Amino acid sequence: MLYIERRRLLNGLPLSLDLTYVPMDIGTGLLGADLENTDVFRLLESLTGQPLGTAEITLEAVNADAHSAAVLETPRGSAVLMLERLTHLADGRPVDLEFIRFRGDRISMSALLHRSG
């Protein structure tokens, strides 16, 4: 597995800590890529030659561990919103596992849901 750690900023302030795991046979293609300015999902689609398919998402509030707190510049133990996402290619292969911790005081979530048949 290739491990990628990124800190996202909003207006120069820490917003999220993204921890990403990608299978090594695909992940080696990410080495040297501009991950700061390029969408990882686009890179994965380009490297694999197929579109992304489904993703399983879990969202929960957790306490910031020492590393997350330091990177996000928030007190250790403070509440952060954690999104866990496992993304699959169109053929069903898992390709990207992410744990994203957001500062709760700098993020809001909204959704538009449609009821089907």
# chains A, B, ... in the order shown; residues from 1 in each chain; ligands from 1
>>> residues_around(residues="Ala69 (chain A)", least_positions_apart="6", cutoff="10 Å", atoms="only C-alpha atoms", output="list in words")
Leu17, Asn63, Pro75, Arg76, Gly77, Ser78, Ala79, Val80, Arg101 and Arg103 of chain A
>>> closest_residue(among="A:Arg106, A:Arg115, A:Ala33, A:Ala55", to="Asn11 (chain A)", atoms="only C-alpha atoms")
A:Arg106
>>> atom_distance(atom1="CA of Ser16 (chain A)", atom2="CA of Ile100 (chain A)")
6.5 Å
>>> select_by_dssp(residues="chain A", states="strand (DSSP E)", output="PyMOL selection string")
chain A and resi 2-10+13-22+52-63+79-89+94-103
>>> closest_residue(among="A:Thr54, A:Asn37, A:Ser68, A:Ser110", to="Thr87 (chain A)", atoms="only C-alpha atoms")
A:Thr54
>>> closest_residue(among="A:Leu52, A:Leu35, A:Leu2, A:Leu13", to="Leu89 (chain A)", atoms="only C-alpha atoms")
A:Leu52
>>> residues_around(residues="Asp25 (chain A)", least_positions_apart="2", cutoff="10 Å", atoms="only C-alpha atoms", output="PyMOL selection string")
chain A and resi 1-2+22-23+27-29+48
>>> atom_distance(atom1="CA of Leu97 (chain A)", atom2="CA of Glu56 (chain A)")
9.6 Å
